[in-house]
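final-v4.cif follows (mmCIF, C-alpha atoms):
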data_entry
loop_
_atom_site.label_atom_id
_atom_site.label_comp_id
_atom_site.auth_asym_id
_atom_site.auth_seq_id
_atom_site.Cartn_x
_atom_site.Cartn_y
_atom_site.Cartn_z
CA MET A 1 32.91 201.09 -105.18
CA VAL A 2 34.55 203.17 -102.42
CA VAL A 3 38.29 203.65 -102.08
CA PHE A 4 40.39 204.60 -99.03
CA TRP A 5 44.12 205.09 -98.62
CA ALA A 6 45.82 204.78 -95.24
CA LYS A 7 49.28 205.99 -94.36
CA GLN A 8 49.52 203.05 -91.97
CA ALA A 9 47.12 200.13 -91.49
CA LEU A 10 47.06 197.05 -89.27
CA LEU A 11 46.58 194.08 -91.61
CA PRO A 12 46.43 190.37 -90.72
CA SER A 13 50.11 190.15 -91.70
CA GLY A 14 51.05 193.15 -89.53
CA TRP A 15 51.50 196.87 -90.03
CA ALA A 16 51.71 198.12 -93.61
CA SER A 17 52.27 201.56 -95.14
CA ASP A 18 50.48 203.40 -97.96
CA VAL A 19 47.59 200.93 -98.12
CA LEU A 20 44.88 201.30 -100.77
CA ILE A 21 41.57 199.68 -99.78
CA GLU A 22 38.74 199.12 -102.25
CA ALA A 23 35.24 198.07 -101.18
CA ASP A 24 32.20 197.16 -103.25
CA ALA A 25 28.68 198.56 -102.98
CA ALA A 26 27.81 195.97 -100.32
CA GLY A 27 30.69 197.17 -98.14
CA SER A 28 33.03 194.20 -98.55
CA ILE A 29 36.73 194.69 -99.19
CA THR A 30 37.56 193.66 -102.75
CA ALA A 31 41.20 194.71 -102.94
CA LEU A 32 43.92 195.77 -100.53
CA LEU A 33 47.25 197.06 -101.86
CA PRO A 34 50.15 198.12 -99.61
CA GLY A 35 52.71 200.48 -101.08
CA ALA A 36 50.19 202.10 -103.41
CA PRO A 37 49.74 205.77 -104.30
CA PRO A 38 46.57 207.43 -102.95
CA GLY A 39 45.21 208.67 -106.23
CA ALA A 40 41.70 210.01 -105.72
CA ALA A 41 41.02 207.87 -102.63
CA ARG A 42 40.01 209.35 -99.30
CA ARG A 43 43.23 209.79 -97.33
CA LEU A 44 43.49 208.42 -93.81
CA GLY A 45 46.26 208.31 -91.23
CA LEU A 46 46.67 205.27 -88.98
CA ILE A 47 43.79 202.80 -89.17
CA LEU A 48 42.82 199.64 -87.29
CA PRO A 49 40.17 197.03 -88.03
CA GLY A 50 36.90 197.86 -86.28
CA MET A 51 36.49 196.06 -82.95
CA PRO A 52 33.43 193.85 -82.26
CA ASN A 53 31.59 194.41 -78.98
CA LEU A 54 30.57 190.85 -78.16
CA HIS A 55 28.27 191.45 -75.18
CA SER A 56 25.79 194.24 -74.60
CA HIS A 57 22.51 194.85 -72.79
CA SER A 58 21.67 198.15 -74.48
CA PHE A 59 18.85 199.20 -72.13
CA GLN A 60 21.29 199.33 -69.23
CA ARG A 61 22.80 202.47 -70.77
CA ALA A 62 19.85 204.23 -69.10
CA MET A 63 21.13 203.27 -65.62
CA ALA A 64 24.90 203.53 -66.08
CA GLY A 65 26.28 205.61 -63.21
CA ARG A 66 22.90 205.62 -61.42
CA ALA A 67 23.28 202.46 -59.31
CA GLU A 68 26.37 203.32 -57.29
CA ARG A 69 24.96 204.64 -54.00
CA ARG A 70 25.53 202.43 -50.97
CA SER A 71 22.44 200.55 -49.83
CA ALA A 72 21.42 199.41 -46.36
CA THR A 73 22.86 195.95 -46.97
CA ALA A 74 26.15 194.65 -48.37
CA ASP A 75 26.29 195.75 -52.00
CA ASN A 76 27.06 193.14 -54.65
CA PHE A 77 25.88 191.84 -58.01
CA TRP A 78 22.59 190.63 -56.55
CA THR A 79 21.64 194.01 -55.04
CA TRP A 80 22.61 195.71 -58.31
CA ARG A 81 20.30 193.29 -60.12
CA GLU A 82 17.32 194.59 -58.16
CA ALA A 83 18.15 198.14 -59.28
CA MET A 84 18.31 196.87 -62.85
CA TYR A 85 14.84 195.33 -62.59
CA ALA A 86 13.47 198.73 -61.56
CA VAL A 87 14.80 200.22 -64.82
CA VAL A 88 13.35 197.33 -66.83
CA ALA A 89 9.91 198.24 -65.46
CA ARG A 90 10.23 201.74 -66.96
CA MET A 91 11.10 200.63 -70.49
CA ASN A 92 8.81 200.57 -73.52
CA PRO A 93 9.62 200.10 -77.22
CA ASP A 94 10.20 203.79 -78.01
CA ARG A 95 12.45 204.32 -74.98
CA ALA A 96 14.36 201.10 -75.62
CA GLU A 97 15.07 202.13 -79.21
CA ALA A 98 16.22 205.62 -78.23
CA VAL A 99 18.54 204.26 -75.52
CA ALA A 100 19.91 201.59 -77.88
CA ALA A 101 20.65 204.16 -80.58
CA GLN A 102 22.55 206.37 -78.12
CA MET A 103 24.57 203.43 -76.85
CA GLN A 104 25.36 202.22 -80.38
CA MET A 105 26.40 205.71 -81.44
CA GLU A 106 28.77 206.00 -78.49
CA CYS A 107 30.23 202.59 -79.33
CA LEU A 108 30.98 203.77 -82.85
CA GLU A 109 32.52 207.01 -81.65
CA ARG A 110 34.97 205.05 -79.50
CA GLY A 111 35.93 202.36 -82.01
CA TYR A 112 33.43 199.50 -81.89
CA THR A 113 31.98 198.72 -85.33
CA HIS A 114 29.86 195.63 -84.57
CA LEU A 115 27.57 194.90 -81.64
CA CYS A 116 26.42 191.56 -80.24
CA GLU A 117 23.22 192.53 -78.44
CA PHE A 118 22.28 190.00 -75.73
CA HIS A 119 18.64 191.00 -75.84
CA TYR A 120 16.34 189.85 -73.05
CA LEU A 121 13.87 192.73 -72.74
CA HIS A 122 10.96 191.10 -74.64
CA HIS A 123 7.67 192.12 -73.00
CA SER A 124 5.99 194.94 -71.11
CA ALA A 125 6.68 195.48 -67.41
CA ASP A 126 3.98 193.07 -66.24
CA GLY A 127 5.06 190.39 -68.71
CA THR A 128 2.35 191.01 -71.30
CA PRO A 129 3.68 190.30 -74.81
CA TYR A 130 3.49 193.07 -77.36
CA ALA A 131 1.09 192.72 -80.29
CA THR A 132 4.09 191.97 -82.48
CA ARG A 133 5.92 189.22 -80.63
CA GLU A 134 9.38 190.38 -81.73
CA GLU A 135 8.67 194.11 -81.24
CA MET A 136 11.55 194.81 -78.87
CA GLY A 137 14.01 192.94 -81.06
CA LEU A 138 12.84 194.96 -84.04
CA ARG A 139 13.60 198.12 -82.07
CA GLN A 140 17.20 196.97 -81.66
CA ILE A 141 17.37 196.42 -85.41
CA ALA A 142 15.81 199.83 -86.05
CA ALA A 143 18.38 201.50 -83.82
CA SER A 144 21.23 199.81 -85.68
CA ALA A 145 19.76 200.92 -89.02
CA ARG A 146 19.89 204.52 -87.76
CA THR A 147 23.40 204.36 -86.33
CA GLY A 148 24.93 202.13 -89.02
CA ILE A 149 26.63 199.74 -86.61
CA GLY A 150 26.80 196.05 -87.53
CA LEU A 151 24.49 193.97 -85.33
CA THR A 152 24.31 190.38 -84.19
CA LEU A 153 20.96 190.18 -82.41
CA LEU A 154 20.93 187.53 -79.70
CA PRO A 155 17.38 187.12 -78.38
CA CYS A 156 17.60 185.65 -74.91
CA LEU A 157 15.80 182.55 -73.69
CA TYR A 158 14.97 183.17 -70.04
CA ARG A 159 12.42 180.96 -68.32
CA HIS A 160 13.43 180.36 -64.67
CA GLY A 161 14.74 182.30 -61.70
CA GLY A 162 17.25 179.76 -60.43
CA ILE A 163 19.08 176.69 -61.58
CA PHE A 164 16.90 174.19 -63.40
CA ALA A 165 13.30 175.28 -62.99
CA ALA A 166 13.18 177.56 -59.94
CA ASP A 167 10.33 180.05 -60.19
CA PRO A 168 11.18 183.39 -61.83
CA LEU A 169 11.13 186.61 -59.85
CA PRO A 170 8.53 189.33 -60.49
CA GLY A 171 11.19 191.64 -61.94
CA GLN A 172 12.03 189.02 -64.55
CA ARG A 173 8.57 188.96 -66.12
CA PRO A 174 9.58 191.07 -69.17
CA PHE A 175 12.24 188.46 -70.02
CA LEU A 176 10.25 185.24 -69.91
CA HIS A 177 9.62 182.76 -72.73
CA ASP A 178 9.05 179.06 -72.82
CA LEU A 179 10.93 177.17 -75.51
CA ASP A 180 8.06 177.14 -78.03
CA THR A 181 7.34 180.87 -77.89
CA TYR A 182 11.07 181.63 -77.98
CA MET A 183 11.61 179.53 -81.10
CA ALA A 184 8.58 181.15 -82.72
CA MET A 185 10.05 184.59 -81.99
CA MET A 186 13.35 183.50 -83.50
CA ALA A 187 11.54 182.35 -86.62
CA ASP A 188 9.83 185.73 -86.88
CA LEU A 189 13.15 187.56 -86.52
CA ARG A 190 14.81 185.43 -89.21
CA ARG A 191 12.57 187.16 -91.74
CA HIS A 192 14.22 190.52 -91.02
CA THR A 193 17.50 190.46 -92.89
CA SER A 194 20.06 193.02 -94.00
CA PRO A 195 23.76 192.98 -94.93
CA LEU A 196 24.68 194.33 -91.49
CA LEU A 197 22.43 192.02 -89.46
CA ALA A 198 23.20 188.56 -88.07
CA LEU A 199 21.24 186.43 -85.60
CA GLY A 200 22.23 184.07 -82.82
CA PHE A 201 20.86 182.25 -79.78
CA ALA A 202 21.26 183.34 -76.16
CA PRO A 203 20.17 180.87 -73.47
CA HIS A 204 20.68 183.27 -70.60
CA SER A 205 22.47 181.05 -68.06
CA LEU A 206 22.11 177.82 -66.15
CA ARG A 207 19.97 179.85 -63.73
CA ALA A 208 17.42 180.61 -66.44
CA VAL A 209 17.11 177.56 -68.73
CA THR A 210 16.83 173.78 -68.44
CA PRO A 211 19.08 171.09 -69.95
CA GLU A 212 16.31 170.28 -72.42
CA MET A 213 16.24 173.90 -73.60
CA LEU A 214 20.00 173.91 -74.09
CA ALA A 215 19.80 170.69 -76.09
CA ALA A 216 17.08 172.14 -78.34
CA ILE A 217 19.14 175.25 -79.07
CA ALA A 218 22.33 173.26 -79.68
CA ALA A 219 20.42 171.17 -82.24
CA GLU A 220 19.46 174.24 -84.28
CA PRO A 221 21.46 175.32 -87.37
CA ALA A 222 24.95 176.71 -86.86
CA LEU A 223 24.26 180.15 -85.43
CA PRO A 224 26.42 181.43 -82.57
CA ILE A 225 25.24 180.62 -79.03
CA HIS A 226 26.01 183.11 -76.26
CA MET A 227 25.49 182.35 -72.58
CA HIS A 228 26.47 183.80 -69.19
CA LEU A 229 28.71 181.38 -67.31
CA ALA A 230 30.31 181.35 -63.85
CA GLU A 231 30.03 185.09 -63.32
CA GLN A 232 29.42 184.89 -59.58
CA GLN A 233 30.64 182.55 -56.83
CA ARG A 234 27.06 182.13 -55.61
CA GLU A 235 26.11 180.87 -59.06
CA VAL A 236 28.92 178.31 -58.89
CA ALA A 237 27.85 177.15 -55.42
CA GLU A 238 24.20 176.81 -56.45
CA CYS A 239 25.14 174.76 -59.50
CA GLU A 240 27.34 172.45 -57.41
CA ALA A 241 24.54 171.99 -54.89
CA ALA A 242 22.00 171.16 -57.61
CA THR A 243 24.13 169.03 -59.94
CA GLY A 244 27.36 168.08 -58.18
CA LEU A 245 29.32 169.99 -60.82
CA ARG A 246 30.52 173.53 -61.28
CA PRO A 247 28.77 175.42 -64.17
CA ALA A 248 31.56 175.14 -66.75
CA ALA A 249 32.24 171.54 -65.79
CA TRP A 250 28.53 170.77 -66.22
CA MET A 251 28.49 172.36 -69.69
CA LEU A 252 31.58 170.43 -70.76
CA ALA A 253 30.26 167.14 -69.36
CA HIS A 254 27.05 167.50 -71.36
CA GLY A 255 28.70 168.50 -74.63
CA PHE A 256 27.60 172.13 -74.58
CA ALA A 257 30.84 173.72 -75.73
CA GLY A 258 32.71 174.32 -78.96
CA PRO A 259 33.38 177.05 -81.54
CA ARG A 260 29.71 178.11 -81.71
CA TRP A 261 29.64 178.88 -77.99
CA VAL A 262 30.49 182.21 -76.37
CA PHE A 263 30.70 182.03 -72.59
CA ILE A 264 30.21 185.47 -71.11
CA HIS A 265 32.38 186.39 -68.10
CA SER A 266 33.77 182.91 -67.33
CA THR A 267 35.15 184.49 -64.19
CA HIS A 268 35.16 181.61 -61.71
CA LEU A 269 36.77 178.65 -63.48
CA ASP A 270 39.05 175.99 -62.06
CA ASP A 271 42.08 174.61 -63.92
CA ALA A 272 40.17 171.82 -65.65
CA GLU A 273 37.42 174.19 -66.76
CA VAL A 274 39.92 176.72 -68.15
CA ALA A 275 41.64 173.98 -70.14
CA GLY A 276 38.40 172.34 -71.30
CA LEU A 277 36.65 175.48 -72.50
CA ALA A 278 39.76 176.76 -74.29
CA ALA A 279 40.37 173.41 -76.00
CA SER A 280 36.76 173.28 -77.19
CA GLY A 281 37.25 176.39 -79.33
CA ALA A 282 34.69 178.41 -77.38
CA VAL A 283 35.12 182.16 -76.90
CA ALA A 284 35.47 183.70 -73.44
CA GLY A 285 33.37 186.87 -73.60
CA LEU A 286 35.02 189.29 -71.18
CA CYS A 287 33.56 192.57 -69.96
CA PRO A 288 36.34 193.83 -67.67
CA GLN A 289 34.85 197.22 -66.80
CA THR A 290 31.46 195.74 -65.90
CA GLU A 291 33.07 192.85 -64.02
CA ALA A 292 35.00 195.41 -61.97
CA SER A 293 31.90 197.55 -61.47
CA LEU A 294 29.82 194.61 -60.21
CA GLY A 295 32.57 193.05 -58.12
CA ASP A 296 32.47 189.84 -60.14
CA GLY A 297 36.13 188.93 -59.95
CA ILE A 298 39.11 188.72 -62.31
CA PHE A 299 39.36 186.43 -65.33
CA ARG A 300 42.29 183.99 -65.34
CA LEU A 301 43.99 185.54 -68.33
CA PRO A 302 47.51 184.07 -67.90
CA GLN A 303 46.10 180.52 -67.83
CA TRP A 304 43.70 181.00 -70.78
CA ARG A 305 44.92 179.54 -74.08
CA GLY A 306 41.77 180.00 -76.11
CA ARG A 307 39.76 182.64 -77.93
CA LEU A 308 38.53 185.74 -76.11
CA GLY A 309 36.67 188.95 -76.89
CA ILE A 310 35.46 192.06 -75.11
CA GLY A 311 32.05 193.60 -74.51
CA SER A 312 30.41 196.56 -72.82
CA ASP A 313 27.71 194.57 -70.94
CA SER A 314 26.17 197.06 -68.44
CA GLN A 315 27.42 200.10 -70.43
CA VAL A 316 29.47 201.63 -67.61
CA CYS A 317 32.16 201.80 -70.30
CA LEU A 318 31.66 202.01 -74.06
CA ASP A 319 35.30 202.21 -75.08
CA PRO A 320 37.23 199.17 -76.37
CA ALA A 321 40.56 200.75 -75.41
CA GLN A 322 39.44 201.06 -71.79
CA GLU A 323 38.14 197.48 -71.74
CA LEU A 324 41.50 196.22 -72.98
CA ARG A 325 43.30 198.37 -70.44
CA GLN A 326 41.13 197.07 -67.58
CA LEU A 327 41.75 193.51 -68.72
CA GLU A 328 45.52 194.03 -68.54
CA THR A 329 45.67 196.21 -65.44
CA SER A 330 43.41 193.90 -63.40
CA GLN A 331 46.04 191.21 -63.97
CA ARG A 332 48.77 193.63 -62.87
CA LEU A 333 46.94 194.28 -59.60
CA LYS A 334 46.41 190.59 -58.96
CA LEU A 335 49.90 189.42 -59.94
CA GLN A 336 51.91 192.53 -59.02
CA LEU A 337 53.53 192.46 -62.46
CA ARG A 338 53.46 194.65 -65.56
CA ALA A 339 53.01 193.78 -69.26
CA VAL A 340 51.16 190.57 -68.39
CA ALA A 341 49.54 190.08 -71.80
CA THR A 342 52.81 189.93 -73.72
CA SER A 343 55.36 187.49 -75.06
CA GLU A 344 58.83 187.74 -76.53
CA ALA A 345 57.27 187.68 -79.98
CA SER A 346 54.63 190.29 -79.07
CA PRO A 347 56.07 192.69 -76.44
CA HIS A 348 53.30 195.31 -76.67
CA PRO A 349 50.30 194.38 -74.44
CA ALA A 350 47.81 196.48 -76.41
CA ARG A 351 48.63 194.66 -79.65
CA GLN A 352 48.45 191.24 -78.04
CA LEU A 353 45.04 191.99 -76.52
CA PHE A 354 43.71 193.82 -79.57
CA ASP A 355 44.52 190.90 -81.89
CA ALA A 356 42.95 188.41 -79.50
CA ALA A 357 39.76 190.43 -78.99
CA LEU A 358 39.44 191.08 -82.72
CA ALA A 359 39.58 187.38 -83.61
CA GLY A 360 37.37 186.24 -80.74
CA GLY A 361 34.85 189.01 -81.32
CA ALA A 362 34.52 188.13 -85.00
CA GLN A 363 33.95 184.47 -84.15
CA ALA A 364 31.33 185.45 -81.56
CA ALA A 365 29.51 187.74 -84.00
CA GLY A 366 29.11 185.14 -86.72
CA ALA A 367 29.80 187.80 -89.34
CA ALA A 368 32.46 188.43 -92.01
CA ILE A 369 34.41 190.89 -89.88
CA GLY A 370 37.58 190.94 -87.81
CA GLY A 371 40.29 192.35 -90.04
CA LEU A 372 41.29 194.40 -93.05
CA ALA A 373 41.38 191.76 -95.78
CA PRO A 374 39.56 190.94 -99.03
CA GLY A 375 36.21 189.30 -98.40
CA LEU A 376 35.70 190.91 -95.01
CA ARG A 377 33.45 193.87 -94.30
CA CYS A 378 35.20 197.21 -94.71
CA ASP A 379 35.16 198.31 -91.06
CA TRP A 380 37.98 200.54 -89.88
CA VAL A 381 38.87 202.97 -87.10
CA GLU A 382 41.21 205.89 -87.69
CA LEU A 383 43.29 207.11 -84.75
CA ASP A 384 44.26 210.78 -84.58
CA THR A 385 48.05 210.72 -84.61
CA THR A 386 48.10 214.50 -84.08
CA ASN A 387 46.58 213.94 -80.64
CA PRO A 388 49.28 214.73 -78.04
CA ASP A 389 48.96 211.24 -76.55
CA LEU A 390 49.90 209.66 -79.91
CA LEU A 391 52.28 212.30 -81.20
CA GLY A 392 55.34 210.68 -82.75
CA LEU A 393 54.00 207.15 -82.24
CA ALA A 394 53.29 204.56 -84.91
CA GLY A 395 52.32 200.92 -85.13
CA ASP A 396 52.20 198.97 -81.88
CA ALA A 397 53.46 201.96 -79.90
CA ALA A 398 50.48 204.01 -81.09
CA LEU A 399 48.18 201.15 -80.09
CA ASP A 400 49.73 201.16 -76.61
CA GLY A 401 49.21 204.93 -76.49
CA TRP A 402 45.52 204.54 -77.30
CA VAL A 403 44.89 201.74 -74.81
CA PHE A 404 47.07 202.86 -71.90
CA GLY A 405 47.32 206.63 -72.38
CA PRO A 406 45.13 209.13 -70.52
CA GLY A 407 43.71 210.98 -73.52
CA ARG A 408 40.21 211.17 -74.93
CA GLY A 409 39.35 212.06 -78.48
CA VAL A 410 41.91 209.66 -79.97
CA VAL A 411 39.39 208.09 -82.37
CA LYS A 412 39.12 210.41 -85.37
CA SER A 413 36.87 208.64 -87.87
CA VAL A 414 35.08 205.29 -88.17
CA ALA A 415 33.56 203.40 -91.08
CA VAL A 416 31.27 200.37 -91.21
CA ALA A 417 30.85 198.52 -94.50
CA GLY A 418 32.72 201.33 -96.22
CA GLN A 419 30.36 204.05 -94.97
CA VAL A 420 32.01 206.71 -92.83
CA LEU A 421 29.81 207.15 -89.74
CA VAL A 422 32.11 209.10 -87.41
CA GLU A 423 33.87 212.27 -88.51
CA SER A 424 36.19 214.27 -86.23
CA GLY A 425 35.18 212.02 -83.34
CA GLN A 426 31.41 212.54 -83.69
CA HIS A 427 28.69 210.43 -85.25
CA ILE A 428 27.15 211.99 -88.34
CA HIS A 429 23.66 211.79 -86.78
CA ALA A 430 24.73 212.65 -83.23
CA ARG A 431 22.36 215.57 -82.66
CA GLN A 432 19.10 213.77 -83.47
CA ILE A 433 20.09 210.56 -81.68
CA ARG A 434 21.11 212.48 -78.56
CA GLU A 435 17.89 214.53 -78.51
CA GLU A 436 15.77 211.38 -78.63
CA TYR A 437 17.87 209.80 -75.92
CA ILE A 438 17.44 212.83 -73.65
CA LYS A 439 13.66 212.65 -74.16
CA ALA A 440 13.66 208.94 -73.26
CA MET A 441 15.79 209.52 -70.17
CA ARG A 442 13.45 212.24 -68.92
CA GLU A 443 10.53 209.82 -69.27
CA ILE A 444 12.38 206.89 -67.66
CA TRP A 445 13.54 208.91 -64.66
CA ALA A 446 10.51 211.18 -64.28
#
Could you write out this file's structure as structure tokens?
Amino acid sequence: MVVFWAKQALLPSGWASDVLIEADAAGSITALLPGAPPGAARRLGLILPGMPNLHSHSFQRAMAGRAERRSATADNFWTWREAMYAVVARMNPDRAEAVAAQMQMECLERGYTHLCEFHYLHHSADGTPYATREEMGLRQIAASARTGIGLTLLPCLYRHGGIFAADPLPGQRPFLHDLDTYMAMMADLRRHTSPLLALGFAPHSLRAVTPEMLAAIAAEPALPIHMHLAEQQREVAECEAATGLRPAAWMLAHGFAGPRWVFIHSTHLDDAEVAGLAASGAVAGLCPQTEASLGDGIFRLPQWRGRLGIGSDSQVCLDPAQELRQLETSQRLKLQLRAVATSEASPHPARQLFDAALAGGAQAAGAAIGGLAPGLRCDWVELDTTNPDLLGLAGDAALDGWVFGPGRGVVKSVAVAGQVLVESGQHIHARQIREEYIKAMREIWA
């Protein structure tokens, strides 16, 4: 058993003081007592539940900040995608693991404690499968074992290069599976279990799979299903041309929605789609910093009445506070208002967004996470209240200071399953992980 004591902690019922937290050897919270003396427990200041990162392509950490130069044509998502394919061609299992470990470590250092890895880098650059079919997925698992982050591995089914059976592009060859080989890979991965590992399905998008593939995945046991949806206007137009329906409308019309489903981006929705997806219980998986970076558009946050979560996607940002800030401030720019994500009952935007992303992220991960409560995994993030940006702040005001303030170094320590992985803002294995990442980057960009 491990025992922690927090001067202030955000519980499902709200902020509490002098909170004693007990966790068993498996890392689950067994008892939580507000108003308790610290005794011999490790003493903490202000703690929050660890935030899930519900959408990540870890290999893209290797190109973050390296795809910004203006090209000869109009730059958009589709030109960025070509730059991404060039990085894919330089990956191998060792490099992918080193890059994933660095990205996971940085997530932990900034306050993410669980990662949903939307994993579509399956084969070598020319499309040749590795001797072990699930090799690249195992490298994601190996990276998470080294960093200690919780992991929901979401192997991606990617078969086509355009809506409903268009031929794939050459740069997509490392992604490709047909349904049979994909399901066989999933079966292989199910044999690799650990207390911090969950598994889910990821049909990439309506551009990459067929209706029959979606139906086969939906018929599988109740694992989460993550899917890109309506990220780009061109995607919406192509779907309308092919089917007569917009992407979200097509999914709803065919019964592919509900609490198991996580729709990544969901940027270009009309009123009926917003209402339908929210009512289904699906999670909107938002990646505000990536969506801004790629010029995707702005999610319709004021109209959304459903579950949502946040993710790092292309890894241009690995900080949950900055993702929440971008989500709020993008609405301010669009609406020319402030404090958009608030209500009379919840006047602090950071708290409103944090609670929403915590609940939606936990649902998306399919894991016993998402709060400080008995039965859930003991994941917490300690904020440094001696940091000048938080000095004198507590509760929701401190949360606002973290999300909207200018400071870095606000995250002091982080634990996953009761194991402290970040001390004084740095991962306990930072030096070795960083050295291996530097080696991989030199090889990738040689």
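Ranking A:Thr329, A:Gln322, A:Gln104, A:Thr181 by their shortest atom-to-atom distance to Thr147 (chain A), with all atoms listed in the file included, puts A:Gln104 first.
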Once the PyMOL selection byres ((chain A and resi 253) around 12) is applied to the coordinates I shared, what remains selected? I want it as a PDB file with C-alpha atoms, in the coordinates of the input.
ATOM      1  CA  PRO A 211      19.080 171.090 -69.950  1.00  0.00           C
ATOM      2  CA  THR A 243      24.130 169.030 -59.940  1.00  0.00           C
ATOM      3  CA  GLY A 244      27.360 168.080 -58.180  1.00  0.00           C
ATOM      4  CA  LEU A 245      29.320 169.990 -60.820  1.00  0.00           C
ATOM      5  CA  ARG A 246      30.520 173.530 -61.280  1.00  0.00           C
ATOM      6  CA  PRO A 247      28.770 175.420 -64.170  1.00  0.00           C
ATOM      7  CA  ALA A 248      31.560 175.140 -66.750  1.00  0.00           C
ATOM      8  CA  ALA A 249      32.240 171.540 -65.790  1.00  0.00           C
ATOM      9  CA  TRP A 250      28.530 170.770 -66.220  1.00  0.00           C
ATOM     10  CA  MET A 251      28.490 172.360 -69.690  1.00  0.00           C
ATOM     11  CA  LEU A 252      31.580 170.430 -70.760  1.00  0.00           C
ATOM     12  CA  HIS A 254      27.050 167.500 -71.360  1.00  0.00           C
ATOM     13  CA  GLY A 255      28.700 168.500 -74.630  1.00  0.00           C
ATOM     14  CA  PHE A 256      27.600 172.130 -74.580  1.00  0.00           C
ATOM     15  CA  ALA A 257      30.840 173.720 -75.730  1.00  0.00           C
ATOM     16  CA  ALA A 272      40.170 171.820 -65.650  1.00  0.00           C
ATOM     17  CA  GLU A 273      37.420 174.190 -66.760  1.00  0.00           C
ATOM     18  CA  GLY A 276      38.400 172.340 -71.300  1.00  0.00           C
ATOM     19  CA  LEU A 277      36.650 175.480 -72.500  1.00  0.00           C
ATOM     20  CA  SER A 280      36.760 173.280 -77.190  1.00  0.00           C
TER      21      SER A 280
END
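For the file at hand, the PyMOL selection byres ((chain A and resi 17) around 7) resolves to Lys7, Gln8, Ala9, Trp15, Ala16, Asp18, Val19, Pro34 and Gly35 of chain A.
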Find the nearest atom pair between each residue of region 286-364 of chain A and region 266-271 of chain A for residues within 9 Å, count all atoms listed in the file, give distances in Å to one decimal, sort rows by chain and ascending number, and present the table as a Markdown table.
| residue | atom | partner | partner_atom | distance |
| --- | --- | --- | --- | --- |
| A:Leu286 | CA | A:Ser266 | CA | 7.6 |
| A:Glu291 | CA | A:Thr267 | CA | 8.6 |
| A:Asp296 | CA | A:Thr267 | CA | 7.2 |
| A:Gly297 | CA | A:Thr267 | CA | 6.2 |
| A:Ile298 | CA | A:Thr267 | CA | 6.1 |
| A:Phe299 | CA | A:Thr267 | CA | 4.8 |
| A:Arg300 | CA | A:Thr267 | CA | 7.2 |
| A:Gln303 | CA | A:Asp271 | CA | 8.1 |
Find the residue from A:Leu324, A:Ala131, A:Ala72, A:Cys156 that sits nearest to His57 (chain A); use only C-alpha atoms when measuring.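 Between A:Leu324, A:Ala131, A:Ala72, A:Cys156, the residue approaching His57 (chain A) most closely is A:Cys156.
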Looking at A:Leu138, A:Asp75, A:Asp178, A:Ala208, which one is nearest to Thr193 (chain A), with distances taken over all atoms listed in the file?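 Of the candidates, the smallest distance to Thr193 (chain A) is held by A:Leu138.
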Could you list, as a CSV table (one decimal) with C-alpha atoms, keeping the file's coordinate frame, every residue matched by the PyMOL selection byres ((chain A and resi 84-92) around 8) in this structure?
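And here's out-v1.csv as it stands now:
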chain,number,residue,atom,x,y,z
A,59,PHE,CA,18.8,199.2,-72.1
A,60,GLN,CA,21.3,199.3,-69.2
A,62,ALA,CA,19.8,204.2,-69.1
A,63,MET,CA,21.1,203.3,-65.6
A,80,TRP,CA,22.6,195.7,-58.3
A,81,ARG,CA,20.3,193.3,-60.1
A,82,GLU,CA,17.3,194.6,-58.2
A,83,ALA,CA,18.2,198.1,-59.3
A,93,PRO,CA,9.6,200.1,-77.2
A,94,ASP,CA,10.2,203.8,-78.0
A,95,ARG,CA,12.4,204.3,-75.0
A,96,ALA,CA,14.4,201.1,-75.6
A,121,LEU,CA,13.9,192.7,-72.7
A,124,SER,CA,6.0,194.9,-71.1
A,125,ALA,CA,6.7,195.5,-67.4
A,126,ASP,CA,4.0,193.1,-66.2
A,171,GLY,CA,11.2,191.6,-61.9
A,172,GLN,CA,12.0,189.0,-64.6
A,174,PRO,CA,9.6,191.1,-69.2
A,444,ILE,CA,12.4,206.9,-67.7
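Note that CA of Val403 (chain A) and CA of Ile433 (chain A) are 27.2 Å apart.
Distances here use only C-alpha atoms; by that measure, the residue among A:Ile369, A:Asp389, A:Ala36, A:Leu294 closest to Gln315 (chain A) is A:Leu294.
Relative to CA of Pro52 (chain A), CA of Met136 (chain A) is found at 22.2 Å.
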Neighbouring residues of region 357-366 of chain A were defined as those with any atom within 9 Å, considering only C-alpha atoms; residues of the same chain fewer than 5 positions away were excluded. Please report them as a PyMOL selection string. chain A and resi 49-54+114-116+151-152+198-200+223-226+259-262+282-285+306-311+324+352+371
Find, counting only C-alpha atoms, the residue in A:Leu421, A:Ala278, A:Val416, A:Met213 that gets nearest to Gly27 (chain A).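 Residue with the minimum atom-to-atom distance to Gly27 (chain A): A:Val416.
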For a quick check of understanding, using only C-alpha atoms, which of A:Arg66, A:Arg133, A:Arg191, A:Arg61 has the smallest distance to Glu106 (chain A)? A:Arg61
So that I can check the surroundings of Asp167 (chain A), please list as an mmCIF file with C-alpha atoms, keeping the file's coordinate frame every protein, DNA and RNA residue that reaches within 12 Å of it, counting all atoms listed in the file and ignoring chain neighbours fewer than 5 positions away.
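Below is the file result.cif, written as the result:
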data_model
loop_
_atom_site.group_PDB
_atom_site.id
_atom_site.type_symbol
_atom_site.label_atom_id
_atom_site.label_comp_id
_atom_site.auth_asym_id
_atom_site.auth_seq_id
_atom_site.Cartn_x
_atom_site.Cartn_y
_atom_site.Cartn_z
ATOM 1 C CA TYR A 158 14.970 183.170 -70.040
ATOM 2 C CA ARG A 159 12.420 180.960 -68.320
ATOM 3 C CA HIS A 160 13.430 180.360 -64.670
ATOM 4 C CA GLY A 161 14.740 182.300 -61.700
ATOM 5 C CA GLY A 162 17.250 179.760 -60.430
ATOM 6 C CA GLN A 172 12.030 189.020 -64.550
ATOM 7 C CA ARG A 173 8.570 188.960 -66.120
ATOM 8 C CA LEU A 176 10.250 185.240 -69.910
ATOM 9 C CA ARG A 207 19.970 179.850 -63.730
ATOM 10 C CA ALA A 208 17.420 180.610 -66.440
ATOM 11 C CA VAL A 209 17.110 177.560 -68.730
#
